[in-house]
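One structure is given below, encoded as structure tokens.
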Amino acid sequence: MSKYSMHLLVCGGTSCHASESDAIVCNLRDELEARGLVDSVQVIVTGCFGFCEKGPIVKVLPDNTFYVQVKPEDAQTIVEEHVIKGRKITRLLYQDPVTKEPFADSKNMGFFKKQLRIVLRNCGFINPENIDEYIAREGYQALGKVLSEMSPEEVIKVVKDSGQKGRGGGGFPTGLKWELARKSVSDEKYVVCNADEGDPGAFMDRSVLEGDPHSVLEAMAICGYSIGASNGLIYIRAEYPLAIERLKIAIKQAREYGLLGNDILGTGFNFDITLRYGAGAFVCGEETALIHSMEGLRGEPTVKPPFPAESGYRGKPTNVNNVETFAAIPVIILKGSKWFSSIGTEKAKGTKVFALAGKINNVGLIEVPMGTTLREVIFEIGGGIRNGKKFKGVQTGGPSGGCLTEKHLDTPIDFDNLIAAGSMMGSGAMIVLDQDDCMVSMAKYFLDFTVEESCGKCAPCRIGNKRLHELLGQICDGKGTLSDLDRLRNMSLVIKDTSLCGLGQTSPNPVLSMLDNFWDEYVAHVTDKKCPAGQCRSLMEYIVNAENCVGCTACARVCPVNAISGERKEVHLIDSSICIKCGACMEKCKFDAIFIS
Amino acid sequence: MSSIKIELRKDDVDFIKGVCASFNNDPQELINVLHSCQEHFGYLPAEIQEVVSEGLNMPVAKIYGVVTFYSFFTMTPKGKNPISICLGTACYVRGAEKVLDEFKKELGIEVGQSTNDNKFSLSSLRCVGACGLAPVVLVGDKTYGRVAPDDVKNILKEYE
């Protein structure tokens, strides 16, 4: 990278890619070419910067200028003003949402200030399609160190001492998992990377694979050396074409450099990686289901034990880790277990990547030390709630997690604290909800997901979740009773206790946590037949405000069921027994005379 | 099984057999075989599954079990312009359901169906990972971000 005096980093993650970031790259290159600057200024397509809300992003190095919402036609201005004249383009800089002050240096942005990037260390810095850039940032050094200086047992000890726990949701200690796989005796073992990121709203694995694929390959090779495996498999969602493409490129380059394949770095260690594709089944994130899917079967889980460490893929000992877990391994090896375990809390070490989404200002991908509070994440990094609305809750752990409220905002985030609060870490999705979100509808939404994704093998999950979903639907329709709320809770507890795998054991979590934290809202639905958030259509009532109504008859004409009566120039009336709550009248009224009660 | 009856040409059969052979006719490679076939034919009707069953030497019932288990595989053909609406949580809380309703209304079809002229088909999916653009709609390979119900007509117009 040294011969260039300036670098223009353009985000090539899925979100920015969808907003024409490739056209920005083309235009920038054309502009530089036209001015004879291609030898001194380099345009690099990187992985995700994390700040997806304001994409596409263009970052200028060395001065850390961070341009947001760049359009392809801005390329000319960037080259003329910034590259040639050295003037920052104020209108493209990120502005503080409150003070409107533009940030000249991205280091000072609230979004980045509190972050500590270990897993995402290279995302947004390097070109993921160029192995040399990964190597320039200490890439494959950990593999070299492991192969030349350390015994497998020593590697496992470092990982164990670091306190690293599985980041896919389970939170099982990584070093212990490796040790179990090492101790299993077999002629063949497998290392599997779980990249079947099915949790809606979580996109950290995708971003790592798109932005820094080599970190995962390197870690898998290290794992292979430690447990005694020479085959690695990455099980990745077919819905992630860009990540698949970049992985293929990375594997090819690593093979060419002798970093994968036979006799790696001349040490006699053999390890190669192949890709396996998922086909859209959430349950395949569960490791036994994932292994069955890789064997060409329906992705149904089986009872543990036997654990995959004893009998996994093709009946051989298999170690399954998640993408994020792997991505931290090379850094842990290089910097040591002490360094890693000094970050975070007493029980949870290191950092965690979260995907912030929903009603939050800064949607994106962030990485913070364990123990950071929800308030810091949502209000400082996330920039608070959109459109000045009021914070209502945050769903962590996706459809398997729970919804936390105002009172949990100062809880330091770690595995145990989230479980104690009725939620879980999960893969790290955080969906922020505001005053307009109805908690019965949200619970129904998550159950809708679980019902669809349940594999159907065990009865509690297959039948129980369906019944939960029906009950929630009735409550949304105003047909629920107080005793239904008890039934919801009892059934949830039974499903949790009796389901076969993690999917069923956690699927009632949203219901239970919302019942606990938003009891009044559930009661309002069943006793008053009201939806306080104004989301449940059946519980709304459209009413004419007599003061504003001028009797123009526009609403009556648009009503598809003739529920509105009234003479011209007289106040109209909506018959709620006929009204189907389609909202057409309210949309049509020019005088703000129709409102929802 | 699917009500659509199709007749495979000889080169279609050869193609499927070729795919199976490229994966060493290994039943454990079934999902990869199905991915390749769906990419080529657009869907996986019973007739294709029967050829795969011969190629991999495994019961067609097992193959049907796998095809119907995974949401990525479909036994009905998609329209010329497949429309997918993301119903991931981030899109859902930003109003994706209303966008889906609007597509249903405009096209007069339900999720999983195609229009009579086979121009559009409608499906929902869970999270494409572009949550910054929520709600997201995909038409073929093109991504539309921050879609409001009012935008639906204009999106459809692009494919007239």
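Here, A, B, ... name the chains of the structure tokens in the order displayed, residue numbers run from 1 inside each chain, and ligands are numbered from 1 in the same displayed order.
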> Which residues come within 12 Å of Thr553 (chain A), counting only C-alpha atoms, excluding same-chain residues fewer than 3 positions away, as JSON, numbers by chain?
Replying inline: {"A": [549, 550, 556, 557, 558, 559, 562, 564, 565, 566, 567, 568, 569, 570, 571, 572, 573, 574, 585, 588, 589, 590, 591, 593]}
> So which residues of region 1-72 of chain B fall under helix (DSSP H, G or I) by DSSP, listed as a VMD selection string?
Replying inline: chain B and resid 10 to 22 27 to 41 46 to 56 60 to 69
Go ahead and write the residues just picked, C-alpha atoms, as an mmCIF file, in the first residue's frame.
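Dumped everything to again.cif:
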data_model
loop_
_atom_site.group_PDB
_atom_site.id
_atom_site.type_symbol
_atom_site.label_atom_id
_atom_site.label_comp_id
_atom_site.auth_asym_id
_atom_site.auth_seq_id
_atom_site.Cartn_x
_atom_site.Cartn_y
_atom_site.Cartn_z
ATOM 1 C CA LYS B 10 -33.001 -35.498 -23.240
ATOM 2 C CA ASP B 11 -30.431 -32.742 -22.793
ATOM 3 C CA ASP B 12 -32.189 -31.697 -19.568
ATOM 4 C CA VAL B 13 -31.857 -35.232 -18.254
ATOM 5 C CA ASP B 14 -28.240 -35.287 -19.346
ATOM 6 C CA PHE B 15 -27.636 -32.012 -17.573
ATOM 7 C CA ILE B 16 -29.019 -33.345 -14.288
ATOM 8 C CA LYS B 17 -27.081 -36.580 -14.621
ATOM 9 C CA GLY B 18 -23.985 -34.501 -15.363
ATOM 10 C CA VAL B 19 -24.496 -32.461 -12.187
ATOM 11 C CA CYS B 20 -24.838 -35.649 -10.144
ATOM 12 C CA ALA B 21 -21.703 -37.062 -11.726
ATOM 13 C CA SER B 22 -19.763 -33.877 -11.003
ATOM 14 C CA PRO B 27 -25.959 -38.854 -1.877
ATOM 15 C CA GLN B 28 -24.302 -36.645 0.761
ATOM 16 C CA GLU B 29 -23.938 -34.004 -1.934
ATOM 17 C CA LEU B 30 -27.706 -33.875 -2.482
ATOM 18 C CA ILE B 31 -28.107 -30.251 -1.398
ATOM 19 C CA ASN B 32 -25.320 -29.072 -3.690
ATOM 20 C CA VAL B 33 -26.882 -31.042 -6.568
ATOM 21 C CA LEU B 34 -30.263 -29.448 -5.895
ATOM 22 C CA HIS B 35 -28.686 -25.968 -5.775
ATOM 23 C CA SER B 36 -27.118 -26.525 -9.193
ATOM 24 C CA CYS B 37 -30.361 -27.871 -10.668
ATOM 25 C CA GLN B 38 -32.469 -25.044 -9.300
ATOM 26 C CA GLU B 39 -29.982 -22.497 -10.587
ATOM 27 C CA HIS B 40 -30.318 -24.025 -14.053
ATOM 28 C CA PHE B 41 -34.056 -24.767 -14.224
ATOM 29 C CA ALA B 46 -41.040 -33.819 -9.332
ATOM 30 C CA GLU B 47 -39.653 -34.856 -12.698
ATOM 31 C CA ILE B 48 -36.262 -33.320 -11.927
ATOM 32 C CA GLN B 49 -36.234 -34.934 -8.505
ATOM 33 C CA GLU B 50 -36.834 -38.317 -10.138
ATOM 34 C CA VAL B 51 -33.765 -37.922 -12.333
ATOM 35 C CA VAL B 52 -31.687 -36.820 -9.333
ATOM 36 C CA SER B 53 -32.938 -39.896 -7.505
ATOM 37 C CA GLU B 54 -31.565 -42.112 -10.269
ATOM 38 C CA GLY B 55 -28.319 -40.166 -10.431
ATOM 39 C CA LEU B 56 -27.580 -40.326 -6.721
ATOM 40 C CA VAL B 60 -37.111 -39.893 -4.501
ATOM 41 C CA ALA B 61 -39.062 -39.622 -1.231
ATOM 42 C CA LYS B 62 -35.851 -38.614 0.553
ATOM 43 C CA ILE B 63 -35.202 -35.978 -2.077
ATOM 44 C CA TYR B 64 -38.751 -34.665 -1.813
ATOM 45 C CA GLY B 65 -38.250 -34.515 1.950
ATOM 46 C CA VAL B 66 -35.187 -32.340 1.519
ATOM 47 C CA VAL B 67 -36.691 -30.099 -1.185
ATOM 48 C CA THR B 68 -39.745 -29.343 0.942
ATOM 49 C CA PHE B 69 -37.717 -28.888 4.138
#
> Do you know which residues are at most 9 Å from Val146 (chain A) counting only C-alpha atoms, after dropping those on the same chain fewer than 4 positions away, and could you put them as a list in words?
Replying inline: Gln141, Ala142, Met150, Ser151, Pro152, Glu154, Val155, Ile222, Tyr225, Ser226 and Ile333 of chain A
Deliver the residues from the most recent selection as a file, using C-alpha atoms, as a compact mmCIF listing (two decimals), in the first residue's frame.
# COMPACT_ATOMS: atom_id res chain seq x y z
CA GLN A 141 1.22 -14.60 11.33
CA ALA A 142 -0.76 -16.42 13.99
CA MET A 150 3.46 -24.14 19.54
CA SER A 151 2.15 -27.62 20.26
CA PRO A 152 -1.57 -28.24 19.74
CA GLU A 154 -0.37 -25.04 23.93
CA VAL A 155 -2.71 -23.50 21.39
CA ILE A 222 -5.28 -23.05 13.57
CA TYR A 225 -3.89 -28.01 13.84
CA SER A 226 -5.06 -27.96 17.45
CA ILE A 333 -2.90 -16.17 19.42
>> With only C-alpha atoms as the counted atoms, please give the residues lying no more than 6 Å from region 106-120 of chain A, apart from itself and same-chain residues fewer than 3 positions off, as an NGL selection string.
In response: :A and (64 or 66 or 123 or 327-328 or 367-368 or 381)
Export of the given selection (C-alpha atoms) as an mmCIF file, in the first residue's frame:
data_model
loop_
_atom_site.group_PDB
_atom_site.id
_atom_site.type_symbol
_atom_site.label_atom_id
_atom_site.label_comp_id
_atom_site.auth_asym_id
_atom_site.auth_seq_id
_atom_site.Cartn_x
_atom_site.Cartn_y
_atom_site.Cartn_z
ATOM 1 C CA ASN A 64 -9.826 9.780 8.279
ATOM 2 C CA PHE A 66 -15.697 9.934 6.453
ATOM 3 C CA CYS A 123 -13.587 -4.693 7.965
ATOM 4 C CA ALA A 327 -12.424 -14.301 13.541
ATOM 5 C CA ALA A 328 -11.057 -13.387 16.978
ATOM 6 C CA GLU A 367 -18.233 -4.066 18.281
ATOM 7 C CA VAL A 368 -17.931 -3.228 21.963
ATOM 8 C CA ILE A 381 -23.243 4.554 19.586
#
>> For the strand (DSSP E) assignment from backbone DSSP, which residues of region 31-159 of chain B qualify? Please present them as an NGL selection string.
In response: :B and (81-86 or 120-125 or 137-139 or 142-144)
Could those selected residues go to a file with N, CA and C atoms, as an mmCIF file, in the first residue's frame?
data_model
loop_
_atom_site.group_PDB
_atom_site.id
_atom_site.type_symbol
_atom_site.label_atom_id
_atom_site.label_comp_id
_atom_site.auth_asym_id
_atom_site.auth_seq_id
_atom_site.Cartn_x
_atom_site.Cartn_y
_atom_site.Cartn_z
ATOM 1 N N ASN B 81 -39.969 -11.760 -13.264
ATOM 2 C CA ASN B 81 -39.374 -10.841 -12.297
ATOM 3 C C ASN B 81 -39.788 -11.257 -10.892
ATOM 4 N N PRO B 82 -38.986 -12.092 -10.251
ATOM 5 C CA PRO B 82 -39.361 -12.517 -8.909
ATOM 6 C C PRO B 82 -39.212 -11.377 -7.905
ATOM 7 N N ILE B 83 -40.269 -11.107 -7.173
ATOM 8 C CA ILE B 83 -40.224 -10.041 -6.169
ATOM 9 C C ILE B 83 -40.138 -10.689 -4.794
ATOM 10 N N SER B 84 -39.137 -10.294 -4.010
ATOM 11 C CA SER B 84 -39.027 -10.808 -2.645
ATOM 12 C C SER B 84 -39.057 -9.632 -1.687
ATOM 13 N N ILE B 85 -39.909 -9.753 -0.696
ATOM 14 C CA ILE B 85 -39.969 -8.699 0.318
ATOM 15 C C ILE B 85 -39.338 -9.234 1.591
ATOM 16 N N CYS B 86 -38.373 -8.477 2.113
ATOM 17 C CA CYS B 86 -37.703 -8.908 3.329
ATOM 18 C C CYS B 86 -38.635 -8.700 4.514
ATOM 19 N N PHE B 120 -44.611 -11.542 -12.864
ATOM 20 C CA PHE B 120 -44.135 -11.334 -11.499
ATOM 21 C C PHE B 120 -44.496 -12.525 -10.617
ATOM 22 N N SER B 121 -43.622 -12.828 -9.680
ATOM 23 C CA SER B 121 -44.010 -13.742 -8.608
ATOM 24 C C SER B 121 -43.638 -13.069 -7.302
ATOM 25 N N LEU B 122 -44.307 -13.480 -6.244
ATOM 26 C CA LEU B 122 -44.161 -12.787 -4.974
ATOM 27 C C LEU B 122 -43.692 -13.773 -3.908
ATOM 28 N N SER B 123 -42.650 -13.380 -3.181
ATOM 29 C CA SER B 123 -42.241 -14.217 -2.057
ATOM 30 C C SER B 123 -41.740 -13.336 -0.936
ATOM 31 N N SER B 124 -41.692 -13.899 0.252
ATOM 32 C CA SER B 124 -41.128 -13.140 1.366
ATOM 33 C C SER B 124 -39.874 -13.866 1.798
ATOM 34 N N LEU B 125 -38.916 -13.143 2.341
ATOM 35 C CA LEU B 125 -37.738 -13.807 2.865
ATOM 36 C C LEU B 125 -37.325 -13.157 4.162
ATOM 37 N N VAL B 137 -36.760 -4.468 -0.618
ATOM 38 C CA VAL B 137 -37.470 -5.286 -1.598
ATOM 39 C C VAL B 137 -36.468 -5.687 -2.679
ATOM 40 N N LEU B 138 -36.480 -6.956 -3.063
ATOM 41 C CA LEU B 138 -35.622 -7.398 -4.157
ATOM 42 C C LEU B 138 -36.498 -7.735 -5.357
ATOM 43 N N VAL B 139 -36.130 -7.208 -6.515
ATOM 44 C CA VAL B 139 -36.775 -7.647 -7.748
ATOM 45 C C VAL B 139 -35.655 -8.222 -8.600
ATOM 46 N N LYS B 142 -31.984 -6.872 -8.344
ATOM 47 C CA LYS B 142 -31.923 -5.462 -7.959
ATOM 48 C C LYS B 142 -32.524 -5.258 -6.569
ATOM 49 N N THR B 143 -31.833 -4.442 -5.771
ATOM 50 C CA THR B 143 -32.287 -4.177 -4.416
ATOM 51 C C THR B 143 -32.898 -2.787 -4.328
ATOM 52 N N TYR B 144 -34.068 -2.702 -3.738
ATOM 53 C CA TYR B 144 -34.675 -1.406 -3.464
ATOM 54 C C TYR B 144 -34.699 -1.204 -1.960
#
Counting only C-alpha atoms, which residues of chain A come no farther than 9 Å from chain B, as a CSV table (one decimal) with C-alpha atoms, in the first residue's frame?
chain,number,residue,atom,x,y,z
A,13,GLY,CA,-20.8,-4.5,1.8
A,14,THR,CA,-24.2,-5.8,0.9
A,15,SER,CA,-26.0,-2.7,2.1
A,16,CYS,CA,-23.8,-0.1,0.3
A,18,ALA,CA,-27.2,-2.2,-3.1
A,19,SER,CA,-27.0,1.6,-3.1
A,51,PHE,CA,-22.3,2.5,9.5
A,52,CYS,CA,-25.0,1.1,7.2
A,53,GLU,CA,-27.5,3.8,8.0
A,54,LYS,CA,-25.7,6.4,6.1
A,55,GLY,CA,-24.3,4.3,3.3
A,198,GLY,CA,-30.4,-17.2,10.1
A,199,ASP,CA,-31.4,-14.8,12.8
A,200,PRO,CA,-33.4,-12.0,11.1
A,201,GLY,CA,-31.7,-8.7,11.8
A,202,ALA,CA,-28.2,-10.2,12.5
A,203,PHE,CA,-25.6,-9.6,9.8
A,204,MET,CA,-22.2,-9.7,11.6
A,206,ARG,CA,-21.9,-11.9,6.7
A,207,SER,CA,-20.0,-8.7,7.2
A,238,ALA,CA,-27.1,-19.5,-0.1
A,239,GLU,CA,-28.7,-16.1,0.5
A,240,TYR,CA,-25.3,-14.5,0.9
A,276,ARG,CA,-21.2,-26.2,1.9
A,277,TYR,CA,-24.4,-24.2,1.2
A,278,GLY,CA,-27.4,-23.9,3.4
A,279,ALA,CA,-30.8,-23.7,1.8
A,280,GLY,CA,-32.8,-21.5,4.1
A,281,ALA,CA,-33.5,-23.2,7.3
A,293,SER,CA,-27.7,-30.6,6.4
A,294,MET,CA,-24.1,-30.9,5.3
A,295,GLU,CA,-24.7,-34.6,4.8
A,296,GLY,CA,-27.4,-33.9,2.4
A,297,LEU,CA,-30.3,-34.6,4.8
A,298,ARG,CA,-33.1,-32.6,6.2
A,299,GLY,CA,-31.7,-30.3,8.8
A,355,ALA,CA,-26.2,-5.6,14.7
A,356,LEU,CA,-28.2,-2.5,15.5
A,357,ALA,CA,-31.4,-2.2,13.7
A,358,GLY,CA,-35.0,-1.1,14.0
A,359,LYS,CA,-36.1,2.3,15.3
A,362,ASN,CA,-27.5,4.7,13.5
A,363,VAL,CA,-28.4,1.3,12.0
A,364,GLY,CA,-25.2,-0.7,11.6
A,398,GLY,CA,-33.5,-12.4,17.9
A,399,PRO,CA,-36.6,-14.7,17.9
A,431,ILE,CA,-33.8,-4.6,17.3
A,432,VAL,CA,-34.8,-1.3,18.9
A,433,LEU,CA,-38.5,-0.6,19.4
A,437,ASP,CA,-44.5,-0.9,18.4
A,442,MET,CA,-44.1,-8.3,18.1
A,445,TYR,CA,-44.2,-11.8,14.7
A,446,PHE,CA,-41.5,-13.8,16.4
A,449,PHE,CA,-41.0,-16.9,12.4
A,455,CYS,CA,-38.5,-28.5,11.8
